[in-house]
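See structure below.
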Amino acid sequence: MSARSSARGFASLAVHAGQDPDAATGAVIPPVHFSTTYAQDGIGGLRGGYEYGRSGNPTRTALQTQLAAIEGGAHALSFASGLAAEDALLRTVLRPGDEVLLGNDVYGGTFRLISRVLGDWGVGLRVVDMSDLDAVRAAVAERAPRILWVETPSNPLLRITDIAGLAAVGHDAGALVVVDNTFATPALQRPLAFGADVVVHSTTKYLGGHSDVVGGALVLNDDALAEKIGFVQFAVGAVSGPLDAWLTTRGIKTLAVRMRQHSENGLAVASFLQNHERVARVYYPGLDSHPGHELAARQMSGFGGIVSLALESGEAARRFAESLQLFTLAESLGGVESLVNYPDAMTHASVRGTEAAVPVEVVRLSVGIEDAADLLADIEQALQA
Ligand SMILES: *Cc1c(COP(=O)(O)O)cnc(C)c1O
């Protein structure tokens with residue numbers, strides 16, 4: 001992309017970055033390249049730098065260009081899943097004896113990857129409340145971690161961390177600061193601009209946006225680190241396939257409008273729940289009552305579509321989750337359709353009984369882009385069930 005086009009606004013970048021019409025035919029939508037191998041004009045004479053599908057593919061390049069543009073980063077790498085992206089980053093950076101300081105409220109699979117896979121290779125893990133910078137400072141002073149890893153808003157309790165503050169603490173200690181931006185998406189929050197070193201995505205969620213493709217990505221500015229991760233991506237091979245990359249690209253083109261509607265519906269649902277006598281607590285950074293509201297308002301341009309709530313008991317939470325009808329009971333989040341998840345037994349079952357466990361009273365909603373009135377009516381009938 002030229003310097004001038006990179007100055008364009010977010011929605012324009014999401015639609016156009018990496019999406020120039022096909023040079024050979026003028027096709028406005030660039031074709032999906034399925035070929036696993038590329039003709040060479042004489043030995044080593046590559047036409048576009050492509051030689052084999054694991055090392056590079058034009059459809060994946062188009063997605064990576066689009067991802068870098070929307071996060072405001074110099075480099076993006078696209079993977080077969082969010083966890084594959086995390087694994088590539090962790091294996092590139094960590095060596096036996098290194099430690100990761102992880103938010104106490106992160107995706108259960110991230111905790112599992114570090115504790116149960118990388119743990120066997122000598123990687124240490126400590127957990128802290130990242131939204132409490134004094135607690136982070138104390139943990140870092142006790143022992144300097146190689147990586148500080150945060151989700152903000154966090155999953156599923158929607159805690160908000162000051163990314164600029166965290167980056168300063170991490171950099172003072174010589175740590176790499178990683179932000180999982182899956183919940184906010186770059187439509188609402190761009191962590192690199194606040195000093196984060198690497199942004200992680202499960203593109204399976206809002207970026208793909210239609211619950212029909214699994215994928216992950218890393219976005220960063222550091223040329224040397226990007227090259228090292230690129231080598232691991234090539235050497236290990238968890239790349240995104242061409243059709244997956246293309247579906248993700250198509251999803252990203254509508255990200256700006258979808259996130260506006262997710263945020264509008266999220267606020268409607270959170271406000272309704274907050275005023276409901278059967279609801280003990282609502283977790284949504286868009287509410288004035290949320291402890292991270294002011295910080296979120298500074299750091300984000302919208303509050304997104306994830307709303308969690310606590311009912312009076314685990315039993316009431318399960319009954320509510322199973323009584324919703326328009327919200328589908330399912331894992332995952334970020335699609336156009338509304339979903340409900342019971343973290344303790346579903347997405348966060350792997351952290352049950354650990355420091356990262358989720359209270360049994362909590363239900364997480366991924367609020368879709370349906371009519372808000374229909375969503376509220378469904379919630380009301382389920383709360384009465
Ligand atoms: C889903 C998710 C992941 C893992 O991504 P996969 O695509 O399922 O591998 C990581 N972080 C967050 C916040 C997620 O929601």
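Numbering starts fresh at 1 for the residues of each chain in the structure tokens, the chains themselves are lettered A, B, ... in the order given, and ligands are numbered from 1 as they appear.
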Could you list, as a ChimeraX atom specification, all the residues within 10 Å of ligand 1, counting only C-alpha atoms and all ligand atoms? /A:79-87,105-111,150-156,179-184,200-206,213-217,331-334,347
Could those selected residues go to a file with N, CA and C atoms, as a compact mmCIF listing (two decimals), in the first residue's frame?
# COMPACT_ATOMS: atom_id res chain seq x y z
N PHE A 79 -2.83 -17.42 10.43
CA PHE A 79 -2.66 -18.83 10.84
C PHE A 79 -3.97 -19.60 10.76
N ALA A 80 -3.85 -20.93 10.94
CA ALA A 80 -5.00 -21.81 10.83
C ALA A 80 -6.00 -21.63 11.97
N SER A 81 -5.58 -21.06 13.09
CA SER A 81 -6.48 -20.80 14.22
C SER A 81 -5.83 -19.75 15.11
N GLY A 82 -6.61 -19.21 16.02
CA GLY A 82 -6.05 -18.26 16.98
C GLY A 82 -4.96 -18.92 17.81
N LEU A 83 -5.20 -20.16 18.24
CA LEU A 83 -4.20 -20.83 19.07
C LEU A 83 -2.94 -21.17 18.29
N ALA A 84 -3.08 -21.44 17.00
CA ALA A 84 -1.88 -21.67 16.18
C ALA A 84 -1.05 -20.39 16.11
N ALA A 85 -1.73 -19.25 16.02
CA ALA A 85 -1.01 -17.96 16.00
C ALA A 85 -0.30 -17.76 17.34
N GLU A 86 -1.00 -18.04 18.44
CA GLU A 86 -0.41 -17.88 19.77
C GLU A 86 0.81 -18.79 19.93
N ASP A 87 0.66 -20.04 19.48
CA ASP A 87 1.74 -21.02 19.60
C ASP A 87 2.97 -20.55 18.83
N ASP A 105 -7.92 -13.55 33.55
CA ASP A 105 -9.27 -13.60 32.99
C ASP A 105 -9.12 -13.69 31.47
N VAL A 106 -8.41 -14.74 31.02
CA VAL A 106 -8.13 -14.85 29.59
C VAL A 106 -8.83 -16.08 29.02
N TYR A 107 -8.82 -16.15 27.71
CA TYR A 107 -9.36 -17.30 27.00
C TYR A 107 -8.76 -18.59 27.59
N GLY A 108 -9.62 -19.53 27.95
CA GLY A 108 -9.15 -20.75 28.62
C GLY A 108 -8.11 -21.50 27.80
N GLY A 109 -8.22 -21.47 26.50
CA GLY A 109 -7.28 -22.19 25.64
C GLY A 109 -5.88 -21.61 25.68
N THR A 110 -5.78 -20.30 25.94
CA THR A 110 -4.46 -19.66 26.05
C THR A 110 -3.77 -20.17 27.31
N PHE A 111 -4.53 -20.20 28.41
CA PHE A 111 -4.01 -20.72 29.68
C PHE A 111 -3.58 -22.18 29.49
N VAL A 150 -2.19 -9.93 27.79
CA VAL A 150 -3.46 -9.43 28.32
C VAL A 150 -4.57 -9.51 27.27
N GLU A 151 -5.78 -9.70 27.76
CA GLU A 151 -6.98 -9.50 26.94
C GLU A 151 -7.73 -8.33 27.53
N THR A 152 -8.05 -7.35 26.71
CA THR A 152 -8.86 -6.24 27.18
C THR A 152 -9.80 -5.79 26.08
N PRO A 153 -11.13 -5.81 26.28
CA PRO A 153 -11.81 -6.34 27.45
C PRO A 153 -11.50 -7.83 27.62
N SER A 154 -11.54 -8.29 28.88
CA SER A 154 -11.16 -9.66 29.17
C SER A 154 -12.37 -10.59 29.04
N ASN A 155 -12.05 -11.88 29.09
CA ASN A 155 -13.02 -12.92 28.76
C ASN A 155 -13.18 -13.85 29.96
N PRO A 156 -14.34 -13.94 30.57
CA PRO A 156 -15.63 -13.35 30.16
C PRO A 156 -16.05 -12.18 31.05
N VAL A 179 -1.18 -8.12 23.31
CA VAL A 179 -2.60 -7.87 23.57
C VAL A 179 -3.43 -8.76 22.64
N ASP A 180 -4.29 -9.57 23.23
CA ASP A 180 -5.27 -10.33 22.46
C ASP A 180 -6.44 -9.39 22.21
N ASN A 181 -6.60 -8.97 20.95
CA ASN A 181 -7.59 -7.94 20.59
C ASN A 181 -8.85 -8.54 19.97
N THR A 182 -9.08 -9.83 20.25
CA THR A 182 -10.21 -10.55 19.64
C THR A 182 -11.55 -9.91 20.00
N PHE A 183 -11.73 -9.51 21.27
CA PHE A 183 -13.03 -9.00 21.70
C PHE A 183 -13.33 -7.61 21.13
N ALA A 184 -12.35 -6.72 21.18
CA ALA A 184 -12.59 -5.34 20.74
C ALA A 184 -12.55 -5.23 19.23
N VAL A 200 -2.70 -10.12 18.99
CA VAL A 200 -3.13 -11.48 18.65
C VAL A 200 -4.62 -11.45 18.33
N HIS A 201 -5.03 -12.24 17.34
CA HIS A 201 -6.45 -12.39 17.04
C HIS A 201 -6.84 -13.84 16.86
N SER A 202 -8.01 -14.17 17.40
CA SER A 202 -8.74 -15.30 16.86
C SER A 202 -9.66 -14.68 15.82
N THR A 203 -9.30 -14.82 14.54
CA THR A 203 -10.15 -14.24 13.48
C THR A 203 -11.43 -15.04 13.31
N THR A 204 -11.48 -16.19 14.01
CA THR A 204 -12.69 -17.01 14.06
C THR A 204 -13.90 -16.21 14.56
N LYS A 205 -13.63 -15.18 15.34
CA LYS A 205 -14.70 -14.46 16.03
C LYS A 205 -15.17 -13.28 15.18
N TYR A 206 -14.96 -12.03 15.63
CA TYR A 206 -15.54 -10.89 14.90
C TYR A 206 -14.93 -10.65 13.53
N VAL A 213 -15.62 -19.77 9.71
CA VAL A 213 -14.21 -20.02 9.38
C VAL A 213 -13.34 -19.83 10.63
N VAL A 214 -12.48 -20.83 10.88
CA VAL A 214 -11.54 -20.76 12.01
C VAL A 214 -10.23 -20.16 11.51
N GLY A 215 -9.67 -19.23 12.27
CA GLY A 215 -8.39 -18.64 11.88
C GLY A 215 -7.80 -17.78 12.98
N GLY A 216 -6.54 -17.41 12.80
CA GLY A 216 -5.88 -16.55 13.79
C GLY A 216 -4.85 -15.68 13.12
N ALA A 217 -4.40 -14.66 13.84
CA ALA A 217 -3.42 -13.73 13.25
C ALA A 217 -2.57 -13.08 14.33
N GLU A 331 -20.58 -22.60 22.01
CA GLU A 331 -19.27 -21.99 22.25
C GLU A 331 -19.06 -20.90 21.20
N SER A 332 -17.99 -20.16 21.38
CA SER A 332 -17.56 -19.13 20.44
C SER A 332 -18.36 -17.86 20.57
N LEU A 333 -18.05 -16.88 19.74
CA LEU A 333 -18.62 -15.53 19.84
C LEU A 333 -18.25 -14.76 18.58
N GLY A 334 -18.87 -13.58 18.46
CA GLY A 334 -18.43 -12.65 17.41
C GLY A 334 -19.11 -12.80 16.07
N THR A 347 -16.70 -22.79 27.55
CA THR A 347 -15.41 -22.22 27.10
C THR A 347 -14.31 -22.25 28.15
Strand (DSSP E or B) residues, from DSSP on the backbone, in region 52-270 of chain A, as a compact mmCIF listing (two decimals) with C-alpha atoms, in the first residue's frame:
# COMPACT_ATOMS: atom_id res chain seq x y z
CA TYR A 52 5.02 -23.44 -2.39
CA HIS A 75 3.45 -6.87 9.51
CA ALA A 76 0.64 -9.42 9.83
CA LEU A 77 0.81 -13.20 9.76
CA SER A 78 -2.25 -15.37 9.30
CA PHE A 79 -2.66 -18.83 10.84
CA GLU A 99 7.96 -17.06 32.12
CA VAL A 100 4.68 -15.63 30.85
CA LEU A 101 2.71 -13.27 33.08
CA LEU A 102 -0.90 -13.81 32.01
CA GLY A 103 -4.10 -11.94 32.79
CA GLY A 124 6.68 -20.90 33.47
CA LEU A 125 3.33 -19.21 33.97
CA ARG A 126 2.05 -16.75 36.54
CA VAL A 127 -1.38 -15.16 36.64
CA VAL A 128 -2.29 -11.62 37.73
CA ILE A 147 6.01 -11.87 28.04
CA LEU A 148 3.10 -9.88 29.48
CA TRP A 149 -0.13 -11.18 27.93
CA VAL A 150 -3.46 -9.43 28.32
CA GLU A 151 -6.98 -9.50 26.94
CA LEU A 176 7.25 -8.28 25.26
CA VAL A 177 3.72 -6.87 25.66
CA VAL A 178 1.06 -8.90 23.86
CA VAL A 179 -2.60 -7.87 23.57
CA ASP A 180 -5.27 -10.33 22.46
CA VAL A 198 2.16 -7.73 19.30
CA VAL A 199 -1.59 -8.01 18.68
CA VAL A 200 -3.13 -11.48 18.65
CA HIS A 201 -6.45 -12.39 17.04
CA SER A 202 -8.74 -15.30 16.86
CA GLY A 216 -5.88 -16.55 13.79
CA ALA A 217 -3.42 -13.73 13.25
CA LEU A 218 -0.50 -11.80 14.70
CA VAL A 219 0.12 -8.13 13.89
CA LEU A 220 3.30 -6.26 14.87
CA VAL A 239 -0.91 -21.51 7.95
Would you kindly return, as a PyMOL selection string, each protein, DNA or RNA residue with an atom no farther than 9 Å from any atom of Glu71 (chain A), considering only C-alpha atoms and excluding same-chain residues fewer than 6 positions away? chain A and resi 10+185-187+189-193+199+219-220
If we count only C-alpha atoms and set the cut-off at 12 Å, which residues sit around Asp374 (chain A), ignoring sequence neighbours fewer than 5 positions away in its own chain? Please answer as a PDB file with N, CA and C atoms, in the first residue's frame.
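Result file is selection_33.pdb:
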ATOM      1  N   ASN A 265     -26.404  -2.941  20.029  1.00  0.00           N
ATOM      2  CA  ASN A 265     -27.212  -3.994  20.648  1.00  0.00           C
ATOM      3  C   ASN A 265     -26.648  -4.419  22.004  1.00  0.00           C
ATOM      4  N   ALA A 268     -27.822  -1.994  24.532  1.00  0.00           N
ATOM      5  CA  ALA A 268     -29.263  -2.175  24.801  1.00  0.00           C
ATOM      6  C   ALA A 268     -29.481  -3.366  25.740  1.00  0.00           C
ATOM      7  N   VAL A 269     -28.772  -4.468  25.479  1.00  0.00           N
ATOM      8  CA  VAL A 269     -28.913  -5.667  26.311  1.00  0.00           C
ATOM      9  C   VAL A 269     -28.377  -5.416  27.723  1.00  0.00           C
ATOM     10  N   LEU A 324     -32.892 -19.571  26.742  1.00  0.00           N
ATOM     11  CA  LEU A 324     -32.896 -18.610  25.631  1.00  0.00           C
ATOM     12  C   LEU A 324     -33.208 -19.335  24.327  1.00  0.00           C
ATOM     13  N   GLN A 325     -33.905 -18.640  23.432  1.00  0.00           N
ATOM     14  CA  GLN A 325     -34.267 -19.275  22.160  1.00  0.00           C
ATOM     15  C   GLN A 325     -33.626 -18.602  20.952  1.00  0.00           C
ATOM     16  N   LEU A 326     -33.684 -17.255  20.912  1.00  0.00           N
ATOM     17  CA  LEU A 326     -33.062 -16.551  19.784  1.00  0.00           C
ATOM     18  C   LEU A 326     -31.533 -16.591  19.926  1.00  0.00           C
ATOM     19  N   PHE A 327     -31.052 -16.538  21.165  1.00  0.00           N
ATOM     20  CA  PHE A 327     -29.630 -16.758  21.446  1.00  0.00           C
ATOM     21  C   PHE A 327     -29.402 -18.269  21.403  1.00  0.00           C
ATOM     22  N   SER A 338     -26.712 -14.120  17.622  1.00  0.00           N
ATOM     23  CA  SER A 338     -26.470 -14.073  19.061  1.00  0.00           C
ATOM     24  C   SER A 338     -26.245 -15.473  19.615  1.00  0.00           C
ATOM     25  N   VAL A 367     -23.711 -10.806  21.776  1.00  0.00           N
ATOM     26  CA  VAL A 367     -24.913 -10.163  21.237  1.00  0.00           C
ATOM     27  C   VAL A 367     -24.717  -9.920  19.746  1.00  0.00           C
ATOM     28  N   GLY A 368     -25.608 -10.474  18.941  1.00  0.00           N
ATOM     29  CA  GLY A 368     -25.495 -10.380  17.485  1.00  0.00           C
ATOM     30  C   GLY A 368     -26.099  -9.103  16.937  1.00  0.00           C
ATOM     31  N   ILE A 369     -26.401  -9.130  15.641  1.00  0.00           N
ATOM     32  CA  ILE A 369     -26.900  -7.909  14.986  1.00  0.00           C
ATOM     33  C   ILE A 369     -28.387  -8.030  14.632  1.00  0.00           C
ATOM     34  N   ILE A 379     -34.526 -12.509  26.173  1.00  0.00           N
ATOM     35  CA  ILE A 379     -33.878 -12.469  27.495  1.00  0.00           C
ATOM     36  C   ILE A 379     -34.936 -12.430  28.597  1.00  0.00           C
ATOM     37  N   GLU A 380     -35.979 -11.634  28.388  1.00  0.00           N
ATOM     38  CA  GLU A 380     -37.029 -11.518  29.398  1.00  0.00           C
ATOM     39  C   GLU A 380     -37.693 -12.871  29.638  1.00  0.00           C
ATOM     40  N   GLN A 381     -38.059 -13.584  28.554  1.00  0.00           N
ATOM     41  CA  GLN A 381     -38.732 -14.881  28.772  1.00  0.00           C
ATOM     42  C   GLN A 381     -37.788 -15.882  29.448  1.00  0.00           C
TER      43      GLN A 381
END
Excluding same-chain residues fewer than 4 positions from Pro242 (chain A), what lies within 7 Å of it counting only C-alpha atoms, as a ChimeraX atom specification? /A:32-34,59-60,246
C-alpha atoms of the current selection, written as a PDB file, in the first residue's frame:
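After the write, again_5.pdb holds the following:
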ATOM      1  CA  VAL A  32      -8.872 -17.435  -4.432  1.00  0.00           C
ATOM      2  CA  HIS A  33      -5.542 -19.087  -5.245  1.00  0.00           C
ATOM      3  CA  PHE A  34      -5.761 -22.808  -4.539  1.00  0.00           C
ATOM      4  CA  THR A  59      -4.835 -15.100  -0.994  1.00  0.00           C
ATOM      5  CA  ARG A  60      -3.095 -15.315   2.374  1.00  0.00           C
ATOM      6  CA  TRP A 246     -10.583 -15.518   1.593  1.00  0.00           C
TER       7      TRP A 246
END
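Between CA of Arg8 (chain A) and CA of Ala62 (chain A) the interatomic distance comes to 17.6 Å.
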Mind running region 111-215 of chain A against region 249-257 of chain A at 7 Å and telling me each contacting residue's nearest atom pair with the distance in Å (one decimal), counting only C-alpha atoms, chain and number ascending, as JSON lines?
{"residue": "A:Ala187", "atom": "CA", "partner": "A:Ala256", "partner_atom": "CA", "distance": 5.7}
{"residue": "A:Leu207", "atom": "CA", "partner": "A:Ile252", "partner_atom": "CA", "distance": 5.2}
{"residue": "A:Gly208", "atom": "CA", "partner": "A:Gly251", "partner_atom": "CA", "distance": 4.6}
{"residue": "A:Gly209", "atom": "CA", "partner": "A:Gly251", "partner_atom": "CA", "distance": 5.7}
Close residues, Ala382 (chain A) itself excluded, 9 Å, only C-alpha atoms, min 5 positions apart in chain, as a ChimeraX atom specification: /A:319-325,377
Save out the residues we just selected, all heavy atoms, as a PDB file, in the first residue's frame.
ATOM      1  N   ARG A 319     -30.022 -22.461  34.018  1.00  0.00           N
ATOM      2  CA  ARG A 319     -31.400 -22.463  33.533  1.00  0.00           C
ATOM      3  C   ARG A 319     -31.608 -21.331  32.514  1.00  0.00           C
ATOM      4  O   ARG A 319     -32.195 -21.520  31.462  1.00  0.00           O
ATOM      5  CB  ARG A 319     -32.385 -22.326  34.711  1.00  0.00           C
ATOM      6  CG  ARG A 319     -33.805 -22.686  34.328  1.00  0.00           C
ATOM      7  CD  ARG A 319     -34.798 -22.653  35.508  1.00  0.00           C
ATOM      8  NE  ARG A 319     -34.186 -22.844  36.814  1.00  0.00           N
ATOM      9  CZ  ARG A 319     -34.147 -21.893  37.758  1.00  0.00           C
ATOM     10  NH1 ARG A 319     -34.699 -20.709  37.552  1.00  0.00           N
ATOM     11  NH2 ARG A 319     -33.585 -22.156  38.926  1.00  0.00           N
ATOM     12  N   PHE A 320     -31.074 -20.147  32.833  1.00  0.00           N
ATOM     13  CA  PHE A 320     -31.180 -19.005  31.915  1.00  0.00           C
ATOM     14  C   PHE A 320     -30.522 -19.342  30.565  1.00  0.00           C
ATOM     15  O   PHE A 320     -31.113 -19.157  29.500  1.00  0.00           O
ATOM     16  CB  PHE A 320     -30.529 -17.774  32.549  1.00  0.00           C
ATOM     17  CG  PHE A 320     -30.398 -16.596  31.630  1.00  0.00           C
ATOM     18  CD1 PHE A 320     -31.528 -15.892  31.213  1.00  0.00           C
ATOM     19  CD2 PHE A 320     -29.145 -16.180  31.173  1.00  0.00           C
ATOM     20  CE1 PHE A 320     -31.415 -14.791  30.359  1.00  0.00           C
ATOM     21  CE2 PHE A 320     -29.023 -15.081  30.322  1.00  0.00           C
ATOM     22  CZ  PHE A 320     -30.162 -14.395  29.920  1.00  0.00           C
ATOM     23  N   ALA A 321     -29.303 -19.884  30.622  1.00  0.00           N
ATOM     24  CA  ALA A 321     -28.567 -20.187  29.383  1.00  0.00           C
ATOM     25  C   ALA A 321     -29.327 -21.201  28.524  1.00  0.00           C
ATOM     26  O   ALA A 321     -29.322 -21.120  27.295  1.00  0.00           O
ATOM     27  CB  ALA A 321     -27.172 -20.716  29.714  1.00  0.00           C
ATOM     28  N   GLU A 322     -30.008 -22.141  29.202  1.00  0.00           N
ATOM     29  CA  GLU A 322     -30.716 -23.190  28.449  1.00  0.00           C
ATOM     30  C   GLU A 322     -32.121 -22.774  28.029  1.00  0.00           C
ATOM     31  O   GLU A 322     -32.763 -23.487  27.258  1.00  0.00           O
ATOM     32  CB  GLU A 322     -30.788 -24.478  29.294  1.00  0.00           C
ATOM     33  CG  GLU A 322     -29.408 -25.111  29.449  1.00  0.00           C
ATOM     34  CD  GLU A 322     -29.381 -26.385  30.301  1.00  0.00           C
ATOM     35  OE1 GLU A 322     -30.357 -26.660  31.033  1.00  0.00           O
ATOM     36  OE2 GLU A 322     -28.374 -27.089  30.224  1.00  0.00           O
ATOM     37  N   SER A 323     -32.592 -21.612  28.535  1.00  0.00           N
ATOM     38  CA  SER A 323     -33.960 -21.186  28.224  1.00  0.00           C
ATOM     39  C   SER A 323     -34.031 -20.180  27.077  1.00  0.00           C
ATOM     40  O   SER A 323     -35.091 -19.930  26.528  1.00  0.00           O
ATOM     41  CB  SER A 323     -34.617 -20.562  29.466  1.00  0.00           C
ATOM     42  OG  SER A 323     -34.650 -21.501  30.518  1.00  0.00           O
ATOM     43  N   LEU A 324     -32.892 -19.571  26.742  1.00  0.00           N
ATOM     44  CA  LEU A 324     -32.896 -18.610  25.631  1.00  0.00           C
ATOM     45  C   LEU A 324     -33.208 -19.335  24.327  1.00  0.00           C
ATOM     46  O   LEU A 324     -32.843 -20.502  24.152  1.00  0.00           O
ATOM     47  CB  LEU A 324     -31.529 -17.917  25.539  1.00  0.00           C
ATOM     48  CG  LEU A 324     -31.239 -16.877  26.627  1.00  0.00           C
ATOM     49  CD1 LEU A 324     -29.751 -16.571  26.697  1.00  0.00           C
ATOM     50  CD2 LEU A 324     -32.044 -15.595  26.383  1.00  0.00           C
ATOM     51  N   GLN A 325     -33.905 -18.640  23.432  1.00  0.00           N
ATOM     52  CA  GLN A 325     -34.267 -19.275  22.160  1.00  0.00           C
ATOM     53  C   GLN A 325     -33.626 -18.602  20.952  1.00  0.00           C
ATOM     54  O   GLN A 325     -33.099 -19.267  20.066  1.00  0.00           O
ATOM     55  CB  GLN A 325     -35.793 -19.300  22.031  1.00  0.00           C
ATOM     56  CG  GLN A 325     -36.398 -20.303  23.004  1.00  0.00           C
ATOM     57  CD  GLN A 325     -37.887 -20.146  23.179  1.00  0.00           C
ATOM     58  OE1 GLN A 325     -38.531 -19.326  22.531  1.00  0.00           O
ATOM     59  NE2 GLN A 325     -38.452 -20.936  24.085  1.00  0.00           N
ATOM     60  N   ALA A 377     -36.731  -9.368  24.247  1.00  0.00           N
ATOM     61  CA  ALA A 377     -37.896 -10.212  24.537  1.00  0.00           C
ATOM     62  C   ALA A 377     -37.443 -11.632  24.880  1.00  0.00           C
ATOM     63  O   ALA A 377     -37.977 -12.271  25.803  1.00  0.00           O
ATOM     64  CB  ALA A 377     -38.839 -10.228  23.330  1.00  0.00           C
TER      65      ALA A 377
END
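Among the residues of region 31-84 of chain A, backbone DSSP assigns helix (DSSP H, G or I) to Pro58, Thr59, Arg60, Thr61, Ala62, Leu63, Gln64, Thr65, Gln66, Leu67, Ala68, Ala69, Ile70, Glu71, Gly82, Leu83 and Ala84 of chain A.
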Would you mind exporting the chosen residues as a CSV table (one decimal), in the first residue's frame, restricted to N, CA, C and O atoms?
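Output below, filename out-v1.csv:
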chain,number,residue,atom,x,y,z
A,58,PRO,N,-1.0,-16.2,-2.5
A,58,PRO,CA,-1.4,-14.8,-2.7
A,58,PRO,C,-2.7,-14.4,-2.0
A,58,PRO,O,-2.9,-13.3,-1.6
A,59,THR,N,-3.6,-15.4,-1.7
A,59,THR,CA,-4.8,-15.1,-1.0
A,59,THR,C,-4.5,-14.8,0.5
A,59,THR,O,-5.1,-13.9,1.1
A,60,ARG,N,-3.5,-15.6,1.0
A,60,ARG,CA,-3.1,-15.3,2.4
A,60,ARG,C,-2.4,-14.0,2.5
A,60,ARG,O,-2.6,-13.2,3.4
A,61,THR,N,-1.6,-13.7,1.4
A,61,THR,CA,-0.9,-12.3,1.4
A,61,THR,C,-1.9,-11.2,1.4
A,61,THR,O,-1.8,-10.2,2.2
A,62,ALA,N,-3.0,-11.4,0.7
A,62,ALA,CA,-4.0,-10.3,0.6
A,62,ALA,C,-4.7,-10.1,2.0
A,62,ALA,O,-4.8,-9.0,2.5
A,63,LEU,N,-4.9,-11.2,2.7
A,63,LEU,CA,-5.5,-11.1,4.1
A,63,LEU,C,-4.5,-10.5,5.0
A,63,LEU,O,-4.8,-9.6,5.8
A,64,GLN,N,-3.2,-10.9,4.9
A,64,GLN,CA,-2.2,-10.3,5.8
A,64,GLN,C,-2.0,-8.8,5.6
A,64,GLN,O,-1.9,-8.1,6.5
A,65,THR,N,-2.1,-8.4,4.3
A,65,THR,CA,-2.0,-6.9,4.0
A,65,THR,C,-3.2,-6.2,4.6
A,65,THR,O,-3.1,-5.1,5.2
A,66,GLN,N,-4.4,-6.8,4.5
A,66,GLN,CA,-5.6,-6.2,5.1
A,66,GLN,C,-5.5,-6.1,6.6
A,66,GLN,O,-5.8,-5.1,7.2
A,67,LEU,N,-5.0,-7.2,7.2
A,67,LEU,CA,-4.9,-7.3,8.7
A,67,LEU,C,-3.9,-6.2,9.2
A,67,LEU,O,-4.2,-5.5,10.2
A,68,ALA,N,-2.8,-6.1,8.5
A,68,ALA,CA,-1.8,-5.1,9.0
A,68,ALA,C,-2.4,-3.7,8.9
A,68,ALA,O,-2.2,-2.9,9.8
A,69,ALA,N,-3.1,-3.5,7.8
A,69,ALA,CA,-3.6,-2.1,7.6
A,69,ALA,C,-4.6,-1.8,8.7
A,69,ALA,O,-4.6,-0.7,9.2
A,70,ILE,N,-5.5,-2.7,9.0
A,70,ILE,CA,-6.6,-2.3,9.9
A,70,ILE,C,-6.1,-2.2,11.4
A,70,ILE,O,-6.7,-1.5,12.2
A,71,GLU,N,-5.0,-3.0,11.7
A,71,GLU,CA,-4.5,-2.8,13.1
A,71,GLU,C,-3.4,-1.7,13.1
A,71,GLU,O,-2.9,-1.4,14.2
A,82,GLY,N,-6.6,-19.2,16.0
A,82,GLY,CA,-6.1,-18.3,17.0
A,82,GLY,C,-5.0,-18.9,17.8
A,82,GLY,O,-3.9,-18.3,18.1
A,83,LEU,N,-5.2,-20.2,18.2
A,83,LEU,CA,-4.2,-20.8,19.1
A,83,LEU,C,-2.9,-21.2,18.3
A,83,LEU,O,-1.8,-21.2,18.8
A,84,ALA,N,-3.1,-21.4,17.0
A,84,ALA,CA,-1.9,-21.7,16.2
A,84,ALA,C,-1.0,-20.4,16.1
A,84,ALA,O,0.2,-20.4,16.2
Report the distance between CA of Ala24 (chain A) and CA of Ala39 (chain A) in Å, rounded to one decimal place.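 So the answer is 16.5 Å.
The space separating CA of Glu361 (chain A) from CA of Asn341 (chain A) comes to 11.9 Å.
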Measuring atom to atom with only C-alpha atoms, identify which of A:Ala385, A:Ala88, A:Ala280, A:Val360 is nearest to Ala226 (chain A). A:Ala88
Could you check which of A:Asp344, A:Asp162, A:Asp98, A:Asp129 is closest to Arg146 (chain A), using only C-alpha atoms? A:Asp98
Please provide as a list in words all residues within 8 Å of Gly292 (chain A), with the sequence filter that same-chain residues fewer than 2 positions apart are discarded (counting only C-alpha atoms).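 Non-adjacent residues within range: Arg159, Ile160, Thr161, Pro285, His290, Glu294, Leu295 and Ala296 of chain A.
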Can you write out the residues you just picked, keeping C-alpha atoms, as an mmCIF file, in the first residue's frame?
data_model
loop_
_atom_site.group_PDB
_atom_site.id
_atom_site.type_symbol
_atom_site.label_atom_id
_atom_site.label_comp_id
_atom_site.auth_asym_id
_atom_site.auth_seq_id
_atom_site.Cartn_x
_atom_site.Cartn_y
_atom_site.Cartn_z
ATOM 1 C CA ARG A 159 -12.200 -6.189 32.762
ATOM 2 C CA ILE A 160 -10.441 -3.252 31.126
ATOM 3 C CA THR A 161 -6.658 -2.893 31.187
ATOM 4 C CA PRO A 285 -17.680 -1.662 29.818
ATOM 5 C CA HIS A 290 -18.509 -0.587 35.135
ATOM 6 C CA GLU A 294 -13.827 5.725 31.773
ATOM 7 C CA LEU A 295 -10.678 3.938 30.685
ATOM 8 C CA ALA A 296 -12.635 1.982 28.057
#
